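What follows is the content of my_file04.txt (compact mmCIF, C-alpha atoms (C1' of nucleotides)).
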```txt
# COMPACT_ATOMS: atom_id res chain seq x y z
CA MET O 6 -12.22 5.31 -45.07
CA VAL O 7 -13.83 6.89 -42.09
CA ARG O 8 -11.47 7.26 -39.16
CA GLN O 9 -12.60 7.34 -35.60
CA PRO O 10 -12.54 10.88 -34.23
CA SER O 11 -9.03 10.70 -32.74
CA ILE O 12 -8.40 7.90 -30.29
CA ASN O 13 -5.75 9.82 -28.45
CA ALA O 14 -5.18 11.66 -25.23
CA GLN O 15 -7.55 14.46 -26.18
CA ASN O 16 -10.88 12.72 -25.80
CA ARG O 17 -10.20 10.85 -22.59
CA ALA O 18 -11.70 12.37 -19.46
CA PRO O 19 -8.81 14.29 -17.90
CA LEU O 20 -7.25 13.02 -14.71
CA SER O 21 -8.37 14.52 -11.40
CA ILE O 22 -7.84 13.83 -7.72
CA GLU O 23 -11.41 12.55 -7.49
CA ARG O 24 -11.01 10.07 -10.35
CA ILE O 25 -7.66 8.91 -9.00
CA THR O 26 -8.99 8.37 -5.47
CA GLU O 27 -12.06 6.57 -6.75
CA ALA O 28 -9.99 4.22 -8.89
CA ALA O 29 -7.62 3.55 -5.99
CA LEU O 30 -10.52 2.74 -3.67
CA GLN O 31 -11.87 0.33 -6.25
CA ILE O 32 -8.54 -1.49 -6.44
CA VAL O 33 -8.25 -1.69 -2.64
CA ASP O 34 -11.82 -2.92 -2.20
CA GLY O 35 -11.54 -5.43 -5.01
CA GLN O 36 -7.99 -6.74 -4.70
CA GLY O 37 -6.66 -5.57 -1.34
CA LEU O 38 -4.34 -2.84 -0.16
CA GLY O 39 -1.24 -4.79 -1.11
CA ARG O 40 -2.15 -4.68 -4.77
CA LEU O 41 -2.55 -0.92 -4.90
CA THR O 42 0.54 0.21 -6.80
CA MET O 43 1.09 3.39 -8.74
CA ARG O 44 1.63 1.38 -11.90
CA ARG O 45 -1.58 -0.60 -11.51
CA LEU O 46 -3.46 2.55 -10.64
CA GLY O 47 -2.10 4.12 -13.80
CA ASP O 48 -3.34 1.12 -15.80
CA ALA O 49 -6.82 1.43 -14.30
CA LEU O 50 -6.91 5.10 -15.33
CA GLU O 51 -5.45 4.30 -18.76
CA VAL O 52 -2.48 6.51 -18.12
CA GLU O 53 1.21 6.07 -17.37
CA ALA O 54 1.84 5.80 -13.62
CA MET O 55 3.98 8.91 -13.69
CA ALA O 56 1.06 11.08 -14.76
CA ILE O 57 -0.46 10.62 -11.32
CA TYR O 58 2.34 12.59 -9.72
CA HIS O 59 1.22 15.67 -11.56
CA HIS O 60 -2.01 15.64 -9.56
CA LEU O 61 -0.63 14.22 -6.30
CA PRO O 62 2.80 15.78 -5.85
CA ARG O 63 3.33 13.97 -2.56
CA GLY O 64 2.84 10.69 -4.41
CA LYS O 65 1.54 7.54 -2.82
CA GLU O 66 1.56 9.06 0.66
CA GLN O 67 -0.96 11.65 -0.50
CA LEU O 68 -2.99 9.00 -2.26
CA LEU O 69 -3.34 6.96 0.94
CA ASP O 70 -4.21 10.09 2.92
CA GLY O 71 -7.04 10.65 0.49
CA LEU O 72 -8.37 7.14 0.98
CA VAL O 73 -8.41 7.55 4.75
CA ALA O 74 -10.15 10.90 4.49
CA HIS O 75 -12.76 9.29 2.26
CA VAL O 76 -13.72 6.49 4.64
CA ALA O 77 -12.78 7.82 8.10
CA SER O 78 -14.61 11.12 7.99
CA GLY O 79 -17.92 10.39 9.68
CA PRO O 80 -21.29 10.15 7.96
CA ALA O 81 -22.78 13.62 7.50
CA ASP O 82 -25.87 15.36 8.96
CA THR O 83 -25.71 13.89 12.43
CA GLY O 84 -27.31 17.18 13.40
CA ALA O 85 -30.48 16.87 11.35
CA ALA O 86 -31.24 13.30 12.43
CA ALA O 87 -34.39 12.72 14.43
CA GLY O 88 -34.98 10.95 17.76
CA SER O 89 -33.22 10.98 21.09
CA TRP O 90 -29.47 11.45 21.14
CA ARG O 91 -29.08 7.76 21.87
CA ASP O 92 -31.02 6.95 18.71
CA VAL O 93 -28.94 9.43 16.75
CA LEU O 94 -25.71 7.86 17.96
CA ARG O 95 -27.03 4.37 17.34
CA SER O 96 -27.80 5.13 13.72
CA TRP O 97 -24.55 7.06 13.31
CA ALA O 98 -22.57 4.10 14.63
CA GLY O 99 -24.40 1.74 12.29
CA ASP O 100 -23.58 3.91 9.29
CA TYR O 101 -19.97 4.34 10.27
CA ARG O 102 -19.50 0.63 10.83
CA ALA O 103 -21.04 -0.12 7.44
CA ARG O 104 -18.63 2.26 5.78
CA LEU O 105 -15.59 0.79 7.50
CA LEU O 106 -16.62 -2.74 6.53
CA ALA O 107 -17.36 -1.70 2.95
CA HIS O 108 -13.78 -0.48 2.68
CA ALA O 109 -12.11 -2.96 4.99
CA GLY O 110 -8.91 -2.74 3.00
CA VAL O 111 -8.24 0.79 4.23
CA LEU O 112 -8.74 -0.06 7.91
CA PRO O 113 -5.01 -0.59 8.42
CA LEU O 114 -4.47 2.92 7.08
CA VAL O 115 -7.08 4.41 9.40
CA VAL O 116 -5.19 2.84 12.27
CA THR O 117 -1.86 4.25 11.08
CA ARG O 118 -0.82 7.79 11.86
CA ARG O 119 -2.21 9.10 8.60
CA ASN O 120 -4.59 12.03 8.42
CA PRO O 121 -5.67 12.65 12.03
CA ALA O 122 -7.84 15.53 10.82
CA ALA O 123 -10.51 13.19 9.48
CA LEU O 124 -10.93 11.37 12.78
CA ALA O 125 -10.72 14.57 14.83
CA ALA O 126 -13.69 15.95 12.89
CA THR O 127 -15.63 12.76 13.56
CA VAL O 128 -14.92 12.92 17.29
CA ALA O 129 -15.96 16.58 17.35
CA SER O 130 -19.31 15.88 15.68
CA LEU O 131 -19.97 13.04 18.11
CA ARG O 132 -19.29 15.27 21.09
CA GLU O 133 -21.63 17.86 19.65
CA VAL O 134 -24.49 15.35 19.49
CA LEU O 135 -23.88 14.35 23.10
CA ARG O 136 -23.55 17.92 24.28
CA ARG O 137 -26.80 18.90 22.59
CA GLY O 138 -28.40 15.87 24.21
CA GLY O 139 -27.63 17.41 27.57
CA VAL O 140 -24.63 15.27 28.47
CA ARG O 141 -22.01 17.06 30.56
CA GLU O 142 -18.91 18.23 28.69
CA GLU O 143 -16.52 15.82 30.37
CA SER O 144 -18.84 12.82 29.99
CA ALA O 145 -19.44 13.72 26.37
CA ALA O 146 -15.71 13.71 25.64
CA VAL O 147 -15.33 10.29 27.20
CA ALA O 148 -18.39 8.86 25.48
CA ALA O 149 -17.30 10.17 22.07
CA HIS O 150 -13.90 8.50 22.25
CA THR O 151 -15.33 5.34 23.74
CA LEU O 152 -17.93 5.06 21.01
CA LEU O 153 -15.54 5.75 18.14
CA GLY O 154 -12.91 3.45 19.59
CA TYR O 155 -15.48 0.69 19.93
CA VAL O 156 -16.79 1.06 16.38
CA ILE O 157 -13.30 1.00 14.85
CA GLY O 158 -12.06 -1.83 17.06
CA HIS O 159 -15.18 -3.93 16.52
CA ALA O 160 -14.92 -3.45 12.77
CA ALA O 161 -11.33 -4.70 12.97
CA LEU O 162 -12.45 -7.81 14.87
CA GLU O 163 -15.21 -8.45 12.36
CA VAL O 164 -12.93 -8.17 9.37
CA ARG O 165 -10.55 -10.66 10.89
CA GLY O 166 -13.52 -12.92 11.59
CA THR O 167 -12.57 -14.08 15.07
CA GLU O 168 -14.19 -17.40 15.72
CA GLU O 169 -16.14 -18.11 18.85
CA ASP O 170 -13.42 -19.35 21.26
CA GLY O 171 -11.79 -21.79 18.85
CA ALA O 172 -14.95 -23.55 17.80
CA ASP O 173 -16.00 -22.37 14.38
CA ARG O 174 -19.54 -21.70 15.48
CA ALA O 175 -20.55 -18.67 13.43
CA VAL O 176 -20.90 -15.30 15.15
CA ASP O 177 -23.85 -13.04 14.39
CA TRP O 178 -21.77 -9.89 14.04
CA ASP O 179 -24.74 -7.60 13.46
CA ALA O 180 -26.36 -8.68 16.73
CA ARG O 181 -23.02 -8.63 18.51
CA PHE O 182 -22.31 -5.10 17.37
CA THR O 183 -25.72 -3.79 18.38
CA ALA O 184 -25.53 -5.41 21.80
CA GLY O 185 -22.12 -3.91 22.51
CA LEU O 186 -23.34 -0.56 21.29
CA ASP O 187 -26.31 -0.65 23.67
CA LEU O 188 -23.96 -1.61 26.48
CA ILE O 189 -21.93 1.55 25.85
CA LEU O 190 -24.88 3.86 25.25
CA SER O 191 -26.65 2.68 28.40
CA GLY O 192 -23.63 3.73 30.46
CA ALA O 193 -23.09 7.07 28.68
CA GLY O 194 -24.51 10.27 30.07
CA MET I 14 50.84 -13.21 16.71
CA VAL I 15 47.78 -14.35 18.54
CA ARG I 16 44.74 -14.64 16.33
CA GLN I 17 41.22 -14.29 17.55
CA PRO I 18 39.50 -17.65 17.76
CA SER I 19 37.92 -17.53 14.29
CA ILE I 20 35.73 -14.56 13.50
CA ASN I 21 33.50 -16.47 11.16
CA ALA I 22 30.06 -17.95 10.96
CA GLN I 23 30.87 -20.64 13.50
CA ASN I 24 30.87 -18.53 16.66
CA ARG I 25 27.85 -16.36 15.94
CA ALA I 26 24.71 -17.38 17.72
CA PRO I 27 22.77 -19.40 15.12
CA LEU I 28 19.63 -17.91 13.63
CA SER I 29 16.29 -18.89 15.13
CA ILE I 30 12.67 -17.85 14.77
CA GLU I 31 12.86 -16.18 18.17
CA ARG I 32 15.93 -14.11 17.32
CA ILE I 33 14.46 -13.16 13.95
CA THR I 34 11.13 -12.09 15.43
CA GLU I 35 12.82 -10.13 18.18
CA ALA I 36 15.04 -8.25 15.72
CA ALA I 37 12.05 -7.53 13.49
CA LEU I 38 10.05 -6.15 16.41
CA GLN I 39 12.98 -3.92 17.31
CA ILE I 40 13.09 -2.48 13.79
CA VAL I 41 9.34 -1.89 13.73
CA ASP I 42 9.29 -0.24 17.15
CA GLY I 43 12.31 1.90 16.40
CA GLN I 44 11.87 2.85 12.76
CA GLY I 45 8.33 1.94 11.78
CA LEU I 46 6.68 -0.89 9.88
CA GLY I 47 7.59 0.60 6.52
CA ARG I 48 11.28 0.16 7.19
CA LEU I 49 11.04 -3.53 8.02
CA THR I 50 12.55 -5.20 4.96
CA MET I 51 14.10 -8.61 4.64
CA ARG I 52 17.41 -7.05 3.67
CA ARG I 53 17.48 -4.70 6.65
CA LEU I 54 16.43 -7.52 8.93
CA GLY I 55 19.30 -9.57 7.56
CA ASP I 56 21.70 -6.72 8.31
CA ALA I 57 20.44 -6.49 11.89
CA LEU I 58 21.06 -10.21 12.32
CA GLU I 59 24.45 -9.98 10.56
CA VAL I 60 23.35 -12.42 7.93
CA GLU I 61 22.35 -12.29 4.26
CA ALA I 62 18.60 -11.63 3.87
CA MET I 63 18.15 -14.94 2.08
CA ALA I 64 19.24 -16.89 5.15
CA ILE I 65 15.99 -15.89 6.85
CA TYR I 66 13.97 -17.95 4.41
CA HIS I 67 15.57 -21.08 5.75
CA HIS I 68 13.83 -20.47 9.08
CA LEU I 69 10.67 -18.84 7.77
CA PRO I 70 9.79 -20.71 4.57
CA ARG I 71 6.67 -18.58 4.06
CA GLY I 72 8.88 -15.49 4.04
CA LYS I 73 7.75 -12.08 5.07
CA GLU I 74 4.14 -13.18 5.47
CA GLN I 75 5.22 -15.60 8.17
CA LEU I 76 7.41 -12.97 9.77
CA LEU I 77 4.47 -10.56 10.09
CA ASP I 78 2.25 -13.33 11.43
CA GLY I 79 4.82 -13.87 14.15
CA LEU I 80 4.81 -10.20 15.09
CA VAL I 81 1.02 -10.18 15.43
CA ALA I 82 1.07 -13.33 17.52
CA HIS I 83 3.65 -11.72 19.78
CA VAL I 84 1.65 -8.58 20.57
CA ALA I 85 -1.99 -9.60 20.01
CA SER I 86 -2.09 -12.69 22.18
CA GLY I 87 -3.44 -11.44 25.46
CA PRO I 88 -1.48 -11.05 28.68
CA ALA I 89 -1.29 -14.36 30.51
CA ASP I 90 -2.68 -15.64 33.85
CA THR I 91 -5.95 -13.77 33.79
CA GLY I 92 -7.17 -16.72 35.79
CA ALA I 93 -4.88 -16.33 38.78
CA ALA I 94 -5.49 -12.58 39.21
CA ALA I 95 -7.18 -11.46 42.40
CA GLY I 96 -10.25 -9.30 42.99
CA SER I 97 -13.72 -9.13 41.45
CA TRP I 98 -14.08 -10.01 37.77
CA ARG I 99 -14.43 -6.30 37.02
CA ASP I 100 -11.06 -5.66 38.65
CA VAL I 101 -9.54 -8.55 36.75
CA LEU I 102 -10.82 -7.20 33.45
CA ARG I 103 -9.72 -3.68 34.31
CA SER I 104 -6.17 -4.76 34.92
CA TRP I 105 -6.21 -7.06 31.91
CA ALA I 106 -7.35 -4.19 29.69
CA GLY I 107 -4.64 -1.92 31.07
CA ASP I 108 -1.95 -4.49 30.34
CA TYR I 109 -3.25 -5.19 26.86
CA ARG I 110 -3.45 -1.50 26.01
CA ALA I 111 0.11 -0.98 27.25
CA ARG I 112 1.33 -3.77 25.04
CA LEU I 113 -0.45 -2.44 21.96
CA LEU I 114 0.96 1.04 22.52
CA ALA I 115 4.47 -0.31 23.14
CA HIS I 116 4.34 -1.91 19.70
CA ALA I 117 2.17 0.62 17.91
CA GLY I 118 3.88 -0.14 14.62
CA VAL I 119 2.24 -3.55 14.45
CA LEU I 120 -1.29 -2.27 15.09
CA PRO I 121 -2.02 -2.07 11.35
CA LEU I 122 -1.10 -5.76 11.13
CA VAL I 123 -3.36 -6.70 14.03
CA VAL I 124 -6.18 -5.03 12.14
CA THR I 125 -5.42 -6.92 8.94
CA ARG I 126 -6.64 -10.44 8.41
CA ARG I 127 -3.44 -11.96 9.74
CA ASN I 128 -3.37 -14.61 12.42
CA PRO I 129 -6.95 -14.73 13.75
CA ALA I 130 -5.88 -17.46 16.17
CA ALA I 131 -4.11 -15.01 18.47
CA LEU I 132 -7.16 -12.80 18.86
CA ALA I 133 -9.52 -15.75 19.15
CA ALA I 134 -7.53 -17.03 22.12
CA THR I 135 -7.72 -13.60 23.71
CA VAL I 136 -11.50 -13.42 23.28
CA ALA I 137 -11.84 -16.90 24.71
CA SER I 138 -9.88 -16.06 27.85
CA LEU I 139 -11.95 -12.91 28.35
CA ARG I 140 -15.18 -14.85 28.12
CA GLU I 141 -13.84 -17.33 30.64
CA VAL I 142 -13.21 -14.56 33.17
CA LEU I 143 -16.73 -13.22 32.69
CA ARG I 144 -18.32 -16.67 32.85
CA ARG I 145 -16.49 -17.47 36.08
CA GLY I 146 -17.66 -14.12 37.41
CA GLY I 147 -21.22 -15.33 37.02
CA VAL I 148 -22.11 -13.44 33.87
CA ARG I 149 -24.57 -15.24 31.60
CA GLU I 150 -23.06 -16.95 28.53
CA GLU I 151 -24.66 -14.64 26.00
CA SER I 152 -23.78 -11.46 27.94
CA ALA I 153 -20.24 -12.71 28.41
CA ALA I 154 -19.80 -13.16 24.66
CA VAL I 155 -21.02 -9.66 24.01
CA ALA I 156 -18.93 -8.11 26.77
CA ALA I 157 -15.77 -9.91 25.63
CA HIS I 158 -16.04 -8.59 22.08
CA THR I 159 -17.06 -5.14 23.23
CA LEU I 160 -14.14 -4.89 25.60
CA LEU I 161 -11.53 -6.17 23.14
CA GLY I 162 -12.93 -4.00 20.36
CA TYR I 163 -12.79 -0.97 22.62
CA VAL I 164 -9.20 -1.59 23.74
CA ILE I 165 -7.95 -2.07 20.18
CA GLY I 166 -9.92 0.84 18.76
CA HIS I 167 -8.94 3.18 21.57
CA ALA I 168 -5.28 2.26 21.14
CA ALA I 169 -5.62 3.15 17.47
CA LEU I 170 -7.10 6.55 18.35
CA GLU I 171 -4.34 7.19 20.86
CA VAL I 172 -1.57 6.36 18.43
CA ARG I 173 -3.00 8.74 15.90
CA GLY I 174 -3.25 11.37 18.65
CA THR I 175 -6.63 12.79 17.78
CA GLU I 176 -6.81 16.33 19.05
CA GLU I 177 -9.68 17.60 21.11
CA ASP I 178 -12.17 18.82 18.43
CA GLY I 179 -9.67 20.80 16.38
CA ALA I 180 -8.13 22.73 19.23
CA ASP I 181 -4.79 21.25 20.18
CA ARG I 182 -5.69 21.12 23.83
CA ALA I 183 -3.92 17.99 25.05
CA VAL I 184 -5.93 14.89 25.88
CA ASP I 185 -5.20 12.86 29.01
CA TRP I 186 -5.34 9.50 27.30
CA ASP I 187 -4.80 7.47 30.45
CA ALA I 188 -7.79 9.06 32.14
CA ARG I 189 -9.82 8.87 28.95
CA PHE I 190 -9.11 5.17 28.57
CA THR I 191 -10.00 4.35 32.17
CA ALA I 192 -13.22 6.33 32.01
CA GLY I 193 -14.35 4.55 28.84
CA LEU I 194 -13.41 1.24 30.36
CA ASP I 195 -15.54 1.92 33.43
CA LEU I 196 -18.39 2.93 31.19
CA ILE I 197 -18.27 -0.46 29.49
CA LEU I 198 -17.70 -2.50 32.64
CA SER I 199 -20.55 -0.80 34.46
CA GLY I 200 -22.92 -1.93 31.72
CA ALA I 201 -21.57 -5.48 31.45
CA GLY I 202 -23.15 -8.34 33.33
C1' DA F 2 21.72 -28.19 7.95
C1' DC F 3 22.61 -23.62 7.23
C1' DC F 4 24.05 -19.81 4.66
C1' DT F 5 25.61 -17.09 0.31
C1' DG F 6 25.49 -14.79 -4.51
C1' DA F 7 23.48 -13.85 -8.47
C1' DA F 8 19.36 -13.16 -10.72
C1' DC F 9 14.25 -11.96 -11.68
C1' DA F 10 10.17 -9.40 -11.58
C1' DC F 11 8.47 -5.80 -9.42
C1' DC F 12 8.24 -1.39 -6.56
C1' DG F 13 8.10 4.28 -5.79
C1' DT F 14 10.00 8.18 -7.58
C1' DT F 15 13.11 11.67 -10.45
C1' DC F 16 13.90 14.02 -14.34
C1' DA F 17 14.23 15.48 -18.97
C1' DA F 18 11.47 15.49 -22.82
C1' DG F 19 7.38 15.68 -25.61
C1' DT F 20 2.64 17.97 -26.99
C1' DA C 5 -0.67 22.24 -18.33
C1' DC C 6 -0.52 17.60 -18.73
C1' DC C 7 1.48 13.38 -19.92
C1' DT C 8 5.39 10.03 -21.45
C1' DG C 9 9.92 7.19 -21.41
C1' DA C 10 13.91 6.02 -19.56
C1' DA C 11 16.40 5.54 -15.52
C1' DC C 12 17.63 4.80 -10.39
C1' DA C 13 17.60 2.72 -6.01
C1' DC C 14 15.18 -0.43 -3.74
C1' DC C 15 11.89 -4.41 -2.82
C1' DG C 16 10.51 -9.90 -1.99
C1' DT C 17 11.70 -14.16 -3.56
C1' DT C 18 13.91 -18.32 -6.42
C1' DC C 19 17.43 -21.14 -7.17
C1' DA C 20 21.84 -23.15 -7.65
C1' DA C 21 25.89 -23.34 -5.15
C1' DG C 22 28.96 -23.40 -1.30
C1' DT C 23 30.44 -25.30 3.57
```
Render the structure in this file as structure tokens.
Amino acid sequence: MVRQPSINAQNRAPLSIERITEAALQIVDGQGLGRLTMRRLGDALEVEAMAIYHHLPRGKEQLLDGLVAHVASGPADTGAAAGSWRDVLRSWAGDYRARLLAHAGVLPLVVTRRNPAALAATVASLREVLRRGGVREESAAVAAHTLLGYVIGHAALEVRGTEEDGADRAVDWDARFTAGLDLILSGAG
Amino acid sequence: MVRQPSINAQNRAPLSIERITEAALQIVDGQGLGRLTMRRLGDALEVEAMAIYHHLPRGKEQLLDGLVAHVASGPADTGAAAGSWRDVLRSWAGDYRARLLAHAGVLPLVVTRRNPAALAATVASLREVLRRGGVREESAAVAAHTLLGYVIGHAALEVRGTEEDGADRAVDWDARFTAGLDLILSGAG
DNA sequence: ACCTGAACACCGTTCAAGT
DNA sequence: ACCTGAACACCGTTCAAGT
């Protein structure tokens, strides 16, 4: 009788921080942050929950930090993008918003004190775009924070689905976001 | 021997939703959201944790909803305030920001799907101020969402204390907030 | 009506042990 | 080096029982 070539620990892909983070993100996106537990994460990875601690010694805290880093660090290559700096920021903001909404479950974590480094890098890259666009240093600092604050706050409002002043008339969030963005960009610089 | 007039359940102030919410807010502000547990809340109220369920049948979910309602519903009497509508909004935004920062521990809850009614009311009152100020309906809707999104998002950035592009040069958050606010208000209307 | 006590199913995490 | 199993202290919540 032919036996399968060892259905044991050996021929599973080994655990790694990347695989763990990816699986965690999938649970959060699919079932919500509240259902992300070490035991369930272990199940998803076909491993006992305790195995995870070997790769993330700081445990769940470290896991959540990783999730924030994954979604809160800004979209890359803002530098290479074409067009005026306003166009660059417009497309950056669109990308960032899309990412926040795609992983809405981690928004509460982004808002918590976790992992300031990720957001600091994002702010820095925004300021760089503004500075290169010829905006004065002080104005660039203000505009960067204003823009990032707006994108995060607006994403939060969207996720919660605020209705138009009590009536349940649907809001066109895409149009709303773009209009607010233009309002900010027109005042910047 | 004179006995104290019955140190038992009878002469404690009876539990109420207000007292429960107040105690919960105190725990969150003082120790963080993570340390708000039904058992600890019971201790603070000098009662068994299970007694809380008699007043909040939906349990912890309802408790958290109450916290959000308490901090996310906008400051009152925006209507009676004096000055131009820009001044009214400026002072409203300052008050709202102060409240969010005073209860930073609940910010993650505000960002979660809980209790959309509180935020909807806030948006509605903002639009009313703008409408009365003579701003067109469509612009008022945009400005209201932009402003609220900015205030919430900026509060989140502040709480996390993003450093100035990696260097730990301190940020003057008050000035930063006001400048961003002016940027938005100058474009509105 | 209001609160308690015991119990249940579930957490995150530790630690010694296996391979 | 990498994973498991059992255990610990702690959750939220239910339910029957007390007053």
* So which residues touch DC11 in chain F within 12 Å, counting all atoms listed in the file, skipping near sequence neighbours fewer than 3 positions away, as number ranges by chain? -> O: 40, 42-45; C: 14-17
* To do: Return as a ChimeraX atom specification the residues belonging to chain I that are within 8 Å of chain O, counting all atoms listed in the file.
  => /I:120-122,124-127,129-130,132-134,136-137,155-156,158-159,161-170,172-179,189-190,192-193,196-197,199-201
Can you check which parts of chain F lie within 8 Å of chain I? Per residue, the shortest pair of atoms and distance in Å to one decimal, counting only C-alpha atoms (C1' of nucleotides), sorted by chain and number, as CSV.
```
residue,atom,partner,partner_atom,distance
F:DC3,C1',I:His67,CA,7.6
F:DC4,C1',I:Ala64,CA,5.6
F:DT5,C1',I:Glu61,CA,7.0
```
* Asked: If you measure from CA of Ala106 in chain I to CA of Ala74 in chain O, what distance in Å do you get, rounded to one decimal?
  -> 29.5 Å
* Asked: By how many Å are CA of Val142 in chain I and CA of Leu102 in chain I apart?
  ->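 Separation between CA of Val142 in chain I and CA of Leu102 in chain I: 7.7 Å.
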